[in-house]
file coords.csv (CSV, C-alpha atoms)
chain,number,residue,atom,x,y,z
A,1,MET,CA,4.9,23.8,-84.7
A,2,PRO,CA,8.3,25.5,-85.2
A,3,LYS,CA,8.7,29.1,-83.9
A,4,PRO,CA,8.6,31.8,-86.6
A,5,ILE,CA,11.9,33.5,-87.4
A,6,VAL,CA,12.2,37.2,-87.0
A,7,LEU,CA,15.2,39.0,-88.5
A,8,ILE,CA,16.3,42.0,-86.4
A,9,THR,CA,18.9,44.2,-88.0
A,10,GLY,CA,21.3,46.3,-85.9
A,11,ALA,CA,21.0,43.7,-83.0
A,12,SER,CA,23.9,45.1,-81.0
A,13,GLY,CA,22.7,48.7,-81.0
A,14,TYR,CA,21.1,50.6,-78.1
A,15,VAL,CA,17.6,50.2,-79.5
A,16,GLY,CA,18.2,47.0,-81.5
A,17,MET,CA,19.4,45.0,-78.4
A,18,GLY,CA,16.3,46.1,-76.6
A,19,VAL,CA,14.1,44.9,-79.5
A,20,VAL,CA,16.0,41.5,-79.5
A,21,LYS,CA,15.3,41.1,-75.8
A,22,ALA,CA,11.7,41.9,-76.2
A,23,PHE,CA,11.2,39.2,-78.8
A,24,LEU,CA,13.3,36.7,-76.8
A,25,ASP,CA,11.3,37.3,-73.6
A,26,THR,CA,8.1,36.1,-75.3
A,27,ASP,CA,9.7,32.7,-76.0
A,28,LYS,CA,7.6,32.7,-79.2
A,29,TYR,CA,10.2,33.5,-81.8
A,30,ILE,CA,13.6,32.5,-83.2
A,31,VAL,CA,15.5,35.8,-83.3
A,32,ARG,CA,18.1,36.2,-86.1
A,33,GLY,CA,20.0,39.3,-85.2
A,34,THR,CA,22.4,40.9,-87.6
A,35,VAL,CA,25.7,42.3,-86.4
A,36,ARG,CA,28.7,43.6,-88.3
A,37,ASP,CA,31.2,41.2,-86.8
A,38,PRO,CA,30.0,38.2,-84.8
A,39,SER,CA,33.6,37.5,-83.7
A,40,ASN,CA,33.8,40.9,-81.9
A,41,GLU,CA,33.1,39.5,-78.4
A,42,GLN,CA,32.9,43.0,-76.8
A,43,ARG,CA,30.0,43.8,-79.1
A,44,VAL,CA,28.2,40.5,-79.0
A,45,ALA,CA,28.8,39.4,-75.4
A,46,PRO,CA,25.8,41.4,-74.1
A,47,LEU,CA,23.6,39.7,-76.7
A,48,LYS,CA,24.8,36.3,-75.7
A,49,ALA,CA,24.0,37.2,-72.1
A,50,LEU,CA,20.3,37.7,-72.9
A,51,PRO,CA,17.8,35.0,-71.8
A,52,LYS,CA,16.4,32.3,-74.1
A,53,GLN,CA,19.8,31.9,-75.9
A,54,ALA,CA,18.5,28.8,-77.7
A,55,ASN,CA,16.2,31.1,-79.6
A,56,LEU,CA,19.0,33.5,-80.7
A,57,GLU,CA,21.2,33.3,-83.7
A,58,LEU,CA,23.7,35.9,-84.9
A,59,PHE,CA,24.2,36.7,-88.6
A,60,LYS,CA,27.0,38.7,-90.1
A,61,ALA,CA,25.7,41.6,-92.2
A,62,ASP,CA,26.3,45.2,-92.8
A,63,LEU,CA,23.8,47.7,-94.3
A,64,LEU,CA,25.7,48.1,-97.6
A,65,ASP,CA,26.4,44.4,-98.1
A,66,SER,CA,25.5,42.6,-101.3
A,67,PRO,CA,21.9,41.4,-102.1
A,68,GLU,CA,23.1,37.8,-101.6
A,69,THR,CA,24.0,38.6,-98.0
A,70,TRP,CA,20.6,40.1,-97.3
A,71,ASP,CA,18.8,37.2,-99.2
A,72,ALA,CA,20.6,34.8,-96.8
A,73,ALA,CA,19.7,36.9,-93.8
A,74,VAL,CA,16.0,37.0,-94.7
A,75,LYS,CA,15.8,33.3,-95.8
A,76,ASP,CA,13.0,31.4,-93.9
A,77,CYS,CA,12.0,34.5,-92.0
A,78,THR,CA,8.4,35.2,-91.2
A,79,TYR,CA,9.0,38.8,-90.0
A,80,VAL,CA,11.7,41.4,-90.5
A,81,VAL,CA,12.4,44.3,-88.1
A,82,HIS,CA,14.9,46.9,-89.5
A,83,THR,CA,16.4,48.9,-86.7
A,84,ALA,CA,19.9,49.5,-88.1
A,85,SER,CA,20.7,53.0,-89.1
A,86,PRO,CA,23.5,55.4,-88.2
A,87,PHE,CA,22.7,58.1,-85.5
A,88,ILE,CA,25.4,60.7,-86.1
A,89,LEU,CA,24.6,64.3,-85.4
A,90,ASP,CA,27.9,65.7,-86.8
A,91,PRO,CA,29.0,63.5,-89.7
A,92,GLN,CA,32.2,64.1,-91.5
A,93,ASP,CA,30.6,63.1,-94.8
A,94,VAL,CA,26.8,63.3,-94.9
A,95,GLN,CA,26.4,61.1,-97.9
A,96,ARG,CA,28.8,58.4,-96.8
A,97,ASP,CA,28.1,58.4,-93.1
A,98,LEU,CA,24.4,59.0,-93.0
A,99,LEU,CA,22.4,59.0,-96.3
A,100,ASP,CA,23.9,55.9,-97.9
A,101,PRO,CA,23.6,53.6,-94.9
A,102,ALA,CA,20.1,54.9,-94.0
A,103,ILE,CA,18.5,54.9,-97.4
A,104,LYS,CA,20.5,52.2,-99.3
A,105,GLY,CA,20.5,50.1,-96.2
A,106,THR,CA,16.7,50.3,-96.0
A,107,GLU,CA,16.5,49.5,-99.7
A,108,ALA,CA,18.8,46.5,-99.3
A,109,VAL,CA,16.8,44.9,-96.4
A,110,LEU,CA,13.4,45.6,-98.0
A,111,SER,CA,14.5,44.4,-101.4
A,112,ALA,CA,15.4,41.1,-99.8
A,113,VAL,CA,12.0,41.0,-98.3
A,114,VAL,CA,10.4,41.5,-101.7
A,115,ARG,CA,12.6,38.8,-103.3
A,116,ASN,CA,11.8,36.4,-100.5
A,117,GLY,CA,8.1,36.8,-101.0
A,118,LYS,CA,7.1,34.9,-97.8
A,119,VAL,CA,7.7,37.6,-95.2
A,120,LYS,CA,4.4,38.4,-93.6
A,121,LYS,CA,5.2,41.8,-92.1
A,122,SER,CA,8.1,44.2,-91.9
A,123,VAL,CA,8.7,46.9,-89.3
A,124,VAL,CA,11.1,49.8,-89.9
A,125,THR,CA,12.5,52.0,-87.1
A,126,SER,CA,12.1,55.6,-88.3
A,127,SER,CA,12.1,58.6,-86.0
A,128,ILE,CA,9.9,61.4,-84.6
A,129,GLY,CA,12.3,63.5,-86.6
A,130,ALA,CA,10.6,62.2,-89.8
A,131,ILE,CA,7.4,63.8,-88.4
A,132,MET,CA,8.6,67.1,-87.1
A,133,CYS,CA,11.8,69.2,-87.1
A,134,ASP,CA,11.6,72.9,-86.0
A,135,LYS,CA,9.7,76.1,-86.4
A,136,TRP,CA,9.5,75.7,-90.2
A,137,ASP,CA,7.2,72.8,-89.6
A,138,VAL,CA,5.0,74.3,-86.9
A,139,PRO,CA,1.7,75.5,-88.6
A,140,GLU,CA,0.5,77.4,-85.5
A,141,HIS,CA,1.3,77.8,-81.8
A,142,GLY,CA,0.1,74.8,-79.9
A,143,TYR,CA,-0.1,72.6,-82.9
A,144,VAL,CA,-0.2,68.9,-82.0
A,145,TYR,CA,1.9,66.6,-84.1
A,146,SER,CA,0.8,63.1,-85.1
A,147,GLU,CA,1.6,60.4,-87.6
A,148,LYS,CA,-0.1,62.3,-90.4
A,149,ASP,CA,2.7,64.9,-90.3
A,150,TRP,CA,6.0,64.9,-92.2
A,151,ASN,CA,9.2,66.9,-91.6
A,152,THR,CA,9.7,69.2,-94.6
A,153,ALA,CA,12.5,71.3,-93.1
A,154,ALA,CA,15.5,69.0,-92.9
A,155,SER,CA,18.0,68.6,-95.7
A,156,ALA,CA,21.4,67.2,-96.4
A,157,THR,CA,22.9,70.4,-95.1
A,158,TYR,CA,20.4,71.2,-92.3
A,159,ASN,CA,19.8,68.6,-89.7
A,160,PRO,CA,21.3,65.8,-91.9
A,161,TYR,CA,20.6,63.0,-89.4
A,162,ILE,CA,16.9,63.9,-89.4
A,163,TYR,CA,17.0,64.1,-93.2
A,164,SER,CA,18.4,60.6,-93.4
A,165,LYS,CA,15.5,59.3,-91.3
A,166,VAL,CA,12.9,61.2,-93.5
A,167,MET,CA,14.3,59.9,-96.7
A,168,ALA,CA,14.8,56.3,-95.5
A,169,GLU,CA,11.2,56.1,-94.2
A,170,ARG,CA,9.8,57.7,-97.4
A,171,ARG,CA,11.8,55.1,-99.5
A,172,ALA,CA,10.4,52.3,-97.3
A,173,TRP,CA,6.8,53.4,-98.0
A,174,GLU,CA,7.5,53.8,-101.7
A,175,MET,CA,8.8,50.2,-101.8
A,176,ALA,CA,5.9,48.8,-99.8
A,177,LYS,CA,3.5,50.5,-102.3
A,178,GLU,CA,5.5,49.4,-105.4
A,179,SER,CA,5.8,45.8,-104.3
A,180,ASN,CA,2.7,45.4,-102.2
A,181,PHE,CA,4.1,44.1,-98.9
A,182,ASP,CA,2.9,44.8,-95.3
A,183,LEU,CA,4.9,47.5,-93.6
A,184,VAL,CA,4.7,49.3,-90.3
A,185,CYS,CA,6.9,52.1,-89.1
A,186,VAL,CA,7.8,53.0,-85.5
A,187,ASN,CA,8.8,56.6,-85.0
A,188,PRO,CA,10.5,57.0,-81.6
A,189,GLY,CA,11.4,60.3,-80.0
A,190,PHE,CA,14.7,60.9,-78.2
A,191,VAL,CA,15.4,57.4,-76.8
A,192,MET,CA,16.5,57.3,-73.2
A,193,GLY,CA,16.5,54.6,-70.6
A,194,PRO,CA,18.7,51.8,-69.3
A,195,PRO,CA,21.2,50.3,-71.8
A,196,LEU,CA,21.8,46.6,-72.0
A,197,SER,CA,25.5,47.2,-72.9
A,198,LYS,CA,28.2,49.9,-73.2
A,199,THR,CA,27.4,50.2,-76.9
A,200,SER,CA,28.2,53.5,-78.5
A,201,SER,CA,25.1,55.7,-78.7
A,202,THR,CA,24.3,59.3,-79.0
A,203,SER,CA,21.7,58.9,-76.2
A,204,LEU,CA,24.2,57.4,-73.8
A,205,SER,CA,26.8,60.0,-74.7
A,206,PHE,CA,24.3,62.7,-73.9
A,207,MET,CA,23.5,61.3,-70.5
A,208,THR,CA,27.2,60.7,-69.8
A,209,ASP,CA,27.9,64.4,-70.5
A,210,MET,CA,25.0,65.4,-68.3
A,211,VAL,CA,26.1,63.4,-65.2
A,212,ARG,CA,29.7,64.4,-65.7
A,213,GLY,CA,28.8,68.1,-65.4
A,214,LYS,CA,28.9,69.4,-69.0
A,215,PHE,CA,25.7,71.4,-68.5
A,216,LYS,CA,26.2,72.3,-64.8
A,217,ASN,CA,26.5,76.0,-65.5
A,218,GLY,CA,23.3,76.0,-67.6
A,219,ALA,CA,21.8,74.5,-70.7
A,220,VAL,CA,20.2,75.5,-73.9
A,221,ASP,CA,16.4,75.2,-73.9
A,222,ASP,CA,16.3,72.3,-76.3
A,223,ARG,CA,13.1,70.4,-75.8
A,224,GLN,CA,13.1,66.7,-76.7
A,225,CYS,CA,10.2,64.3,-77.0
A,226,VAL,CA,11.6,61.6,-74.8
A,227,VAL,CA,10.7,57.9,-74.9
A,228,ASP,CA,12.0,55.0,-72.9
A,229,VAL,CA,14.1,52.4,-74.8
A,230,ARG,CA,12.0,49.6,-73.2
A,231,ASP,CA,8.8,51.2,-74.5
A,232,VAL,CA,10.4,51.4,-78.0
A,233,ALA,CA,11.3,47.7,-77.8
A,234,LYS,CA,7.7,46.8,-76.8
A,235,ALA,CA,6.4,49.0,-79.6
A,236,HIS,CA,8.4,47.0,-82.2
A,237,LEU,CA,7.1,43.7,-80.8
A,238,ALA,CA,3.6,45.0,-80.8
A,239,ALA,CA,4.0,46.3,-84.3
A,240,ILE,CA,4.7,42.8,-85.5
A,241,GLU,CA,2.0,41.2,-83.5
A,242,LYS,CA,-0.9,43.7,-83.8
A,243,GLY,CA,0.3,46.8,-85.7
A,244,VAL,CA,-1.8,47.8,-88.6
A,245,PRO,CA,0.0,47.5,-92.0
A,246,GLY,CA,0.4,50.9,-93.6
A,247,LYS,CA,0.5,52.7,-90.2
A,248,ARG,CA,3.2,54.8,-88.6
A,249,TYR,CA,3.4,54.8,-84.7
A,250,LEU,CA,4.7,57.9,-83.0
A,251,CYS,CA,6.3,56.8,-79.7
A,252,ALA,CA,7.1,59.3,-77.0
A,253,HIS,CA,6.2,59.8,-73.3
A,254,GLY,CA,2.5,60.1,-72.7
A,255,SER,CA,2.7,63.7,-71.4
A,256,GLY,CA,2.4,64.8,-75.0
A,257,VAL,CA,5.0,67.6,-74.7
A,258,GLY,CA,8.8,67.8,-75.0
A,259,ILE,CA,11.1,68.4,-72.0
A,260,ASN,CA,14.4,70.3,-71.8
A,261,TYR,CA,17.8,69.4,-70.3
A,262,VAL,CA,16.9,71.1,-67.0
A,263,GLN,CA,13.8,69.0,-66.7
A,264,MET,CA,15.7,65.8,-67.6
A,265,GLY,CA,18.3,66.7,-65.0
A,266,SER,CA,15.6,67.1,-62.3
A,267,TYR,CA,14.6,63.4,-62.7
A,268,VAL,CA,18.2,62.3,-62.5
A,269,GLU,CA,18.6,64.4,-59.4
A,270,LYS,CA,15.5,62.9,-57.8
A,271,ALA,CA,17.0,59.5,-58.2
A,272,TYR,CA,20.6,60.5,-57.3
A,273,PRO,CA,20.7,63.7,-55.2
A,274,SER,CA,24.5,63.3,-54.9
A,275,LEU,CA,24.7,64.3,-58.6
A,276,ALA,CA,22.9,67.7,-58.1
A,277,ARG,CA,26.0,69.8,-58.4
A,278,LYS,CA,26.8,68.3,-61.8
A,279,LEU,CA,23.3,68.8,-63.3
A,280,PRO,CA,21.8,71.8,-65.1
A,281,HIS,CA,19.4,74.0,-63.1
A,282,ARG,CA,18.9,76.9,-65.4
A,283,ASN,CA,18.3,77.5,-69.1
A,284,PHE,CA,20.3,80.0,-71.1
A,285,GLY,CA,18.2,82.7,-72.5
A,286,LYS,CA,18.3,83.2,-76.3
A,287,PRO,CA,20.5,86.3,-76.1
A,288,ILE,CA,23.2,84.3,-74.3
A,289,MET,CA,22.6,81.4,-76.7
A,290,TYR,CA,23.1,83.7,-79.7
A,291,LEU,CA,26.2,85.1,-78.1
A,292,ILE,CA,28.0,81.9,-77.2
A,293,GLY,CA,26.3,79.4,-79.5
A,294,LYS,CA,28.5,79.8,-82.5
A,295,LEU,CA,31.8,80.2,-80.6
A,296,ALA,CA,31.2,77.5,-77.9
A,297,ALA,CA,29.2,74.9,-79.7
A,298,GLY,CA,29.3,75.7,-83.4
A,299,ILE,CA,25.5,76.4,-83.4
A,300,SER,CA,24.4,79.1,-85.9
A,301,PRO,CA,22.0,81.9,-84.8
A,302,TYR,CA,19.5,80.5,-87.4
A,303,LYS,CA,19.5,77.0,-85.8
A,304,ILE,CA,19.1,78.6,-82.4
A,305,TYR,CA,16.1,80.6,-83.6
A,306,MET,CA,14.5,77.7,-85.3
A,307,ASN,CA,15.0,75.0,-82.6
A,308,PHE,CA,15.5,76.2,-79.1
A,309,GLY,CA,12.7,77.3,-76.7
A,310,LEU,CA,10.1,75.7,-79.1
A,311,ASP,CA,7.2,73.7,-77.6
A,312,PHE,CA,6.7,70.4,-79.3
A,313,ASN,CA,3.2,69.0,-78.6
A,314,TYR,CA,2.4,65.5,-79.9
A,315,ASP,CA,-0.2,62.8,-79.9
A,316,VAL,CA,0.7,59.2,-79.1
A,317,SER,CA,-2.8,57.8,-78.8
A,318,LEU,CA,-2.4,55.6,-81.8
A,319,ALA,CA,0.4,53.7,-80.3
A,320,GLU,CA,-1.6,53.4,-77.0
A,321,THR,CA,-4.7,52.1,-78.7
A,322,ASN,CA,-3.3,50.0,-81.5
A,323,LEU,CA,-0.1,48.7,-79.8
A,324,GLY,CA,-1.3,48.8,-76.2
A,325,ILE,CA,1.8,50.8,-75.0
A,326,GLU,CA,1.8,52.1,-71.5
A,327,TRP,CA,4.5,54.7,-71.2
A,328,THR,CA,7.3,54.4,-68.6
A,329,SER,CA,7.5,57.4,-66.2
A,330,TYR,CA,10.2,59.9,-66.6
A,331,GLU,CA,11.3,59.0,-63.0
A,332,ASP,CA,11.9,55.4,-64.0
A,333,THR,CA,13.4,56.2,-67.4
A,334,PHE,CA,16.1,58.6,-66.1
A,335,GLY,CA,16.6,56.9,-62.7
A,336,ASP,CA,17.0,53.4,-64.3
A,337,MET,CA,19.2,54.8,-67.0
A,338,VAL,CA,21.7,56.4,-64.7
A,339,LYS,CA,21.6,53.4,-62.4
A,340,GLN,CA,22.4,51.0,-65.2
A,341,MET,CA,25.1,53.2,-66.6
A,342,GLY,CA,26.7,53.3,-63.2
A,343,GLU,CA,26.6,49.6,-62.9
A,344,LEU,CA,28.2,49.2,-66.3
A,345,GLY,CA,31.0,51.6,-65.3
A,346,MET,CA,29.9,54.3,-67.8
A,347,CYS,CA,29.6,57.0,-65.1
A,348,LYS,CA,30.0,57.6,-61.4
A,349,LEU,CA,26.9,58.1,-59.2
A,350,GLU,CA,28.4,60.7,-56.9
call {"tool": "encode", "arguments": {"input": "coords.csv", "output": "structure tokens"}}
result
Amino acid sequence: MPKPIVLITGASGYVGMGVVKAFLDTDKYIVRGTVRDPSNEQRVAPLKALPKQANLELFKADLLDSPETWDAAVKDCTYVVHTASPFILDPQDVQRDLLDPAIKGTEAVLSAVVRNGKVKKSVVTSSIGAIMCDKWDVPEHGYVYSEKDWNTAASATYNPYIYSKVMAERRAWEMAKESNFDLVCVNPGFVMGPPLSKTSSTSLSFMTDMVRGKFKNGAVDDRQCVVDVRDVAKAHLAAIEKGVPGKRYLCAHGSGVGINYVQMGSYVEKAYPSLARKLPHRNFGKPIMYLIGKLAAGISPYKIYMNFGLDFNYDVSLAETNLGIEWTSYEDTFGDMVKQMGELGMCKLE
């Protein structure tokens, strides 16, 4: 019996490549991965280095390509996993750089699924940001977020990246309801962990900044709900194999609480004590953040008030019970991440 074909968009991305590897490792699927330019060896070489190459085919496609391109990409596919979406925190043009690729790209891929009519299940990579944002969305102190929650604070002018994820996911659910196809969404937190390539990524840029000493004099108390990139990949595979259609799956470390830069740095330091002098060891208080935020980092007092020093509590039990995810420890997430980045020449481990 031939292996089912799974289309994975954004195959050369930080998350996308991990998802490709997870499917290939099972040896149960033919993986059709979309990339913008299959002739760009620098981008596709890491994909070609993955195991089970006989089960991998690369397909040229961009999010805003024609319906004909996406029809060809989805042809003969049993499953579709849509991971491709821009992750840009400071876009030059919000509509062009974020909203159009995220929303119209999701429409393009899922419209091809509808036209195909034979795809059994689709999975869309959303974000924890589509669930929660800042103090605006916190009903009460100690509130625990879950898949039932939606971010209502983000907009095209305030946290536009998060807004792009909210709107893209909402559009995906609208289309699933309108056209009656099986859809699952995976909502990862701040993705960390070892990269499979030097691909450009906000997550990797953040860690590069950290180990190069950008925060050595102190850091803002910005608490992130971290998840290992390998757990995100497993969640996508499990979402196809046993995820319940119509469900969202929040994916973040099993501790159920966000951690700040100082805490992240402590896990890096535990693995690489030689980096201690470059890592953050104290949080700036809000008075200092208000004082230097606008001048040094372009952060408004309003954004500082609404985001920093805020506890985010969350519940990932649905991903644990439905998808069988066992979360990677922080020690392994950050230790393995820095180790791999060092081996790839992205940072120095001293």
call {"tool": "closest_residue", "arguments": {"input": "coords.csv", "among": "A:Pro46, A:Pro2, A:Gly254, A:Pro160", "to": "Arg96 of chain A", "atoms": "all atoms listed in the file"}}
result
A:Pro160
call {"tool": "residues_around", "arguments": {"input": "coords.csv", "residues": "Val244 of chain A", "least_positions_apart": "2", "cutoff": "12 Å", "atoms": "only C-alpha atoms", "output": "PyMOL selection string"}}
result
chain A and resi 121-123+182-186+238-242+246-249+318-319+321-323
call {"tool": "atom_distance", "arguments": {"input": "coords.csv", "atom1": "atom CA of Tyr314 of chain A", "atom2": "atom CA of His253 of chain A"}}
result
9.5 Å
call {"tool": "residues_around", "arguments": {"input": "coords.csv", "residues": "Thr26 of chain A", "least_positions_apart": "5", "cutoff": "12 Å", "atoms": "all atoms listed in the file", "output": "list in words"}}
result
Lys3, Val19, Val20, Lys21, Val31, Pro51, Lys52, Asn55, Lys234, Leu237, Ala238 and Glu241 of chain A
call {"tool": "closest_residue", "arguments": {"input": "coords.csv", "among": "A:Leu204, A:Ile325, A:Val226, A:Val109", "to": "Thr69 of chain A", "atoms": "all atoms listed in the file"}}
result
A:Val109
call {"tool": "atom_distance", "arguments": {"input": "coords.csv", "atom1": "atom CA of Phe190 of chain A", "atom2": "atom CA of Gln224 of chain A"}}
result
6.2 Å
call {"tool": "closest_residue", "arguments": {"input": "coords.csv", "among": "A:Leu291, A:Met17, A:Met167, A:Val338", "to": "Val229 of chain A", "atoms": "all atoms listed in the file"}}
result
A:Met17
call {"tool": "closest_residue", "arguments": {"input": "coords.csv", "among": "A:Ala102, A:Leu56, A:Asn217, A:Ser205", "to": "Arg170 of chain A", "atoms": "only C-alpha atoms"}}
result
A:Ala102
call {"tool": "residues_around", "arguments": {"input": "coords.csv", "residues": "Gly285 of chain A", "least_positions_apart": "6", "cutoff": "9 Å", "atoms": "all atoms listed in the file", "output": "MDAnalysis selection string"}}
result
chainID A and resid 220:221 309
call {"tool": "residues_around", "arguments": {"input": "coords.csv", "residues": "Gly117 of chain A", "least_positions_apart": "4", "cutoff": "9 Å", "atoms": "only C-alpha atoms", "output": "list in words"}}
result
Ala112, Val113 and Phe181 of chain A
call {"tool": "write_last_selection", "arguments": {"input": "coords.csv", "atoms": "C-alpha atoms", "output": "mmCIF file, in the coordinates of the input"}}
result
data_model
loop_
_atom_site.group_PDB
_atom_site.id
_atom_site.type_symbol
_atom_site.label_atom_id
_atom_site.label_comp_id
_atom_site.auth_asym_id
_atom_site.auth_seq_id
_atom_site.Cartn_x
_atom_site.Cartn_y
_atom_site.Cartn_z
ATOM 1 C CA ALA A 112 15.400 41.100 -99.800
ATOM 2 C CA VAL A 113 12.000 41.000 -98.300
ATOM 3 C CA PHE A 181 4.100 44.100 -98.900
#
call {"tool": "atom_distance", "arguments": {"input": "coords.csv", "atom1": "atom CA of Val35 of chain A", "atom2": "atom CA of Leu58 of chain A"}}
result
6.9 Å
call {"tool": "residues_around", "arguments": {"input": "coords.csv", "residues": "Trp150 of chain A", "least_positions_apart": "6", "cutoff": "9 Å", "atoms": "all atoms listed in the file", "output": "VMD selection string"}}
result
chain A and resid 129 to 133 137 166
call {"tool": "residues_near_point", "arguments": {"input": "coords.csv", "point": "(10.5, 57.7, -71.8)", "cutoff": "10 Å", "atoms": "only C-alpha atoms", "output": "MDAnalysis selection string"}}
result
chainID A and resid 188:193 225:232 251:255 327:334
call {"tool": "residues_near_point", "arguments": {"input": "coords.csv", "point": "(16.9, 47.6, -90.5)", "cutoff": "7 Å", "atoms": "all atoms listed in the file", "output": "PyMOL selection string"}}
result
chain A and resi 8-10+81-85+106+109+124
